[in-house]
Amino acid sequence: LRNRKRFSIILHGLGALCFASLFFIPFLPIAGNYKKIILVAAIILAYICNYMVSNIIFHWGNTFVRPANRATYGALKEMISLITGAIVTFASGIVVDHLMGIDNLEGAFVFLGISILVYSVVDLTLLLIMKKEFVQPTIADNLDGTSPAKVEEKEKFTLILKKLFKNKAFLAVTLLNTFRAMSVAITTHFLGTFKVNDLGMSATLISALTFLGMGVRAAVSIPFGKFTDKTSYVTGIIVGMFFNLFAFISLIFCSNNTWYLMIIYVVLFDISNAGVAMNFINITYNYVEKKYFAEAASLKNAMTGLGSFVGALIGAKILDAFGLEGINFLGFEHFYGQQALSAISAGLIVFCILFAIFVIRPMKTTGK
């Protein structure tokens, strides 16, 4: 791309407009079937735009951060995102509940659509005032950074892909990320139904657990980031996956009589996400040249999405096999399919931990 900033801003803005349009499409004076087609098309286009530029924008922001502080920066960014997201969600929920309470569904849709447009304008304004990529001084440049880095000729995308597929270290990290995503998808995709139907949790309690998880993740993000900067990305991932393992183990024993274990699961799972999410993105810098980061991260995300999809399919098949009432197992009168999924996820996480320790950790870092 000749101008990544312009490309990112245009697609990011288009994606935001598509998301906002979802709340206005129902008011279009056309037949219901056409509305559905437009709705699906808007969702697909929104996600395509988002995923095409998310890694470019992430790398763009990281060019202003010293490599030794990337984990802390990512943690701070995540903490701010979680806190603002919680505030916006809570405030929007109050307004929507009020509008729904007075039987004004149309007003609720318009409010959400306009809100997204306002957030999008602020977001795009911030992107517009950001400078172009900052080039860290290298040996070839003056130490004061006054001499710009040489502009390299852009390589073809197919050539970049060939290089990435020949990069064994990058492929190993991608494999680890894919299996971790699969283990999470097997369990988490069906937790909502488990909480309501099997544990009998109220909507208020579920919301409280969600906010608890967001609060815990926000609280531990920066300490986790500082720990990672002092050690390594792979160490942060390993520690995070141990919390992931303990979370799934607690969920194995969670039933309608031990519903409180869901609280432990939420806390441990969100701690694990604080240690894993950003580190799985940043670790790409260790094994891929910086100029290939966007392409490498996109390829890794695609494989992660595939792993999540496969995990969800496996989880659905297992749940069908267990049925609604579950089975008698290990002293449980009703051992639900969700508990079996948690056991499978725990097993996959053990594999991921061992893979990270014995395969990823010994590998030499080649990126910057």
# chains A, B, ... in the order shown; residues from 1 in each chain; ligands from 1
>>> residues_around(residues="A:Ile38", least_positions_apart="6", cutoff="10 Å", atoms="only C-alpha atoms", output="list in words")
Ser21, Leu22, Ile25, Pro26, Gly32 and Ile44 of chain A
>>> write_last_selection(atoms="all heavy atoms", output="PDB file, in the first residue's frame")
ATOM      1  N   SER A  21     -25.192   1.669  10.639  1.00  0.00           N
ATOM      2  CA  SER A  21     -26.349   1.477   9.753  1.00  0.00           C
ATOM      3  C   SER A  21     -27.239   0.326  10.197  1.00  0.00           C
ATOM      4  O   SER A  21     -28.426   0.279   9.843  1.00  0.00           O
ATOM      5  CB  SER A  21     -25.872   1.239   8.326  1.00  0.00           C
ATOM      6  OG  SER A  21     -25.260  -0.049   8.191  1.00  0.00           O
ATOM      7  N   LEU A  22     -26.688  -0.610  10.966  1.00  0.00           N
ATOM      8  CA  LEU A  22     -27.477  -1.759  11.411  1.00  0.00           C
ATOM      9  C   LEU A  22     -28.712  -1.331  12.190  1.00  0.00           C
ATOM     10  O   LEU A  22     -29.732  -2.042  12.196  1.00  0.00           O
ATOM     11  CB  LEU A  22     -26.610  -2.685  12.282  1.00  0.00           C
ATOM     12  CG  LEU A  22     -25.364  -3.289  11.626  1.00  0.00           C
ATOM     13  CD1 LEU A  22     -24.595  -4.136  12.619  1.00  0.00           C
ATOM     14  CD2 LEU A  22     -25.754  -4.119  10.415  1.00  0.00           C
ATOM     15  N   ILE A  25     -31.287   0.380   9.348  1.00  0.00           N
ATOM     16  CA  ILE A  25     -31.821  -0.459   8.268  1.00  0.00           C
ATOM     17  C   ILE A  25     -33.268  -0.884   8.523  1.00  0.00           C
ATOM     18  O   ILE A  25     -34.082  -0.923   7.589  1.00  0.00           O
ATOM     19  CB  ILE A  25     -30.912  -1.690   8.046  1.00  0.00           C
ATOM     20  CG1 ILE A  25     -29.579  -1.245   7.440  1.00  0.00           C
ATOM     21  CG2 ILE A  25     -31.580  -2.718   7.131  1.00  0.00           C
ATOM     22  CD1 ILE A  25     -28.540  -2.351   7.326  1.00  0.00           C
ATOM     23  N   PRO A  26     -33.641  -1.212   9.790  1.00  0.00           N
ATOM     24  CA  PRO A  26     -35.050  -1.612  10.025  1.00  0.00           C
ATOM     25  C   PRO A  26     -36.073  -0.555   9.629  1.00  0.00           C
ATOM     26  O   PRO A  26     -37.254  -0.876   9.428  1.00  0.00           O
ATOM     27  CB  PRO A  26     -35.081  -1.849  11.542  1.00  0.00           C
ATOM     28  CG  PRO A  26     -33.680  -2.224  11.887  1.00  0.00           C
ATOM     29  CD  PRO A  26     -32.827  -1.388  11.000  1.00  0.00           C
ATOM     30  N   GLY A  32     -39.367  -6.883   4.110  1.00  0.00           N
ATOM     31  CA  GLY A  32     -38.566  -7.466   5.180  1.00  0.00           C
ATOM     32  C   GLY A  32     -37.413  -8.336   4.689  1.00  0.00           C
ATOM     33  O   GLY A  32     -36.315  -8.310   5.257  1.00  0.00           O
ATOM     34  N   ILE A  44     -21.285  -8.129   7.242  1.00  0.00           N
ATOM     35  CA  ILE A  44     -20.105  -8.729   6.602  1.00  0.00           C
ATOM     36  C   ILE A  44     -19.116  -7.649   6.176  1.00  0.00           C
ATOM     37  O   ILE A  44     -17.911  -7.753   6.429  1.00  0.00           O
ATOM     38  CB  ILE A  44     -20.526  -9.584   5.390  1.00  0.00           C
ATOM     39  CG1 ILE A  44     -21.334 -10.804   5.851  1.00  0.00           C
ATOM     40  CG2 ILE A  44     -19.295 -10.032   4.597  1.00  0.00           C
ATOM     41  CD1 ILE A  44     -21.913 -11.627   4.713  1.00  0.00           C
TER      42      ILE A  44
END
>>> residues_around(residues="A:Thr188", least_positions_apart="2", cutoff="10 Å", atoms="only C-alpha atoms", output="VMD selection string")
chain A and resid 183 to 186 190 to 192 194 248 311 to 312 315 338 341 to 342 345
>>> residues_around(residues="stretch 293-307 of chain A", least_positions_apart="5", cutoff="7 Å", atoms="only C-alpha atoms", output="number ranges by chain")
A: 55-56, 59, 164, 174, 177-179, 181-182, 281, 284-285, 288
>>> atom_distance(atom1="atom CA of A:Ala172", atom2="atom CA of A:Lys291")
19.8 Å
>>> residues_around(residues="stretch 102-107 of chain A", least_positions_apart="5", cutoff="10 Å", atoms="only C-alpha atoms", output="MDAnalysis selection string")
chainID A and resid 23:24 26:27 95:97 112:113
>>> residues_around(residues="A:Phe351", least_positions_apart="5", cutoff="12 Å", atoms="only C-alpha atoms", output="VMD selection string")
chain A and resid 175 to 177 179 to 180 182 to 183 238 241 to 242 245 344 to 346 356 to 359
>>> closest_residue(among="A:Ser255, A:Ser221, A:Ser81, A:Ser272", to="A:Gly337", atoms="only C-alpha atoms")
A:Ser255
>>> atom_distance(atom1="atom CA of A:Lys364", atom2="atom CA of A:Asn244")
25.9 Å
>>> select_by_dssp(residues="stretch 121-308 of chain A", states="alpha helix (DSSP H)", output="count of residues only")
133
>>> closest_residue(among="A:Ala218, A:Ala86, A:Ala343, A:Val196", to="A:Ser250", atoms="only C-alpha atoms")
A:Ala343
>>> closest_residue(among="A:Ala71, A:Ala340, A:Leu99, A:Ile160", to="A:Phe280", atoms="only C-alpha atoms")
A:Ala71
>>> residues_around(residues="stretch 39-42 of chain A", least_positions_apart="4", cutoff="6 Å", atoms="only C-alpha atoms", output="PDB file with C-alpha atoms, in the first residue's frame")
ATOM      1  CA  CYS A  18     -21.759  -0.086   8.421  1.00  0.00           C
ATOM      2  CA  LYS A  35     -33.899  -5.684   4.852  1.00  0.00           C
ATOM      3  CA  ALA A  46     -18.265  -3.985   8.541  1.00  0.00           C
TER       4      ALA A  46
END
>>> closest_atom_pairs(of="stretch 60-96 of chain A", to="stretch 223-233 of chain A", cutoff="8 Å", atoms="only C-alpha atoms", output="Markdown table")
| residue | atom | partner | partner_atom | distance |
| --- | --- | --- | --- | --- |
| A:Ala68 | CA | A:Asp229 | CA | 6.0 |
| A:Asn69 | CA | A:Asp229 | CA | 6.1 |
| A:Arg70 | CA | A:Asp229 | CA | 7.3 |
| A:Ala71 | CA | A:Gly225 | CA | 4.6 |
| A:Thr72 | CA | A:Gly225 | CA | 4.1 |
| A:Tyr73 | CA | A:Gly225 | CA | 7.5 |
| A:Gly74 | CA | A:Gly225 | CA | 7.2 |
| A:Ala75 | CA | A:Gly225 | CA | 5.4 |
>>> atom_distance(atom1="atom CA of A:Leu45", atom2="atom CA of A:Leu14")
8.6 Å
>>> closest_residue(among="A:Leu199, A:Val220, A:Leu11, A:Leu76", to="A:Tyr51", atoms="only C-alpha atoms")
A:Leu11
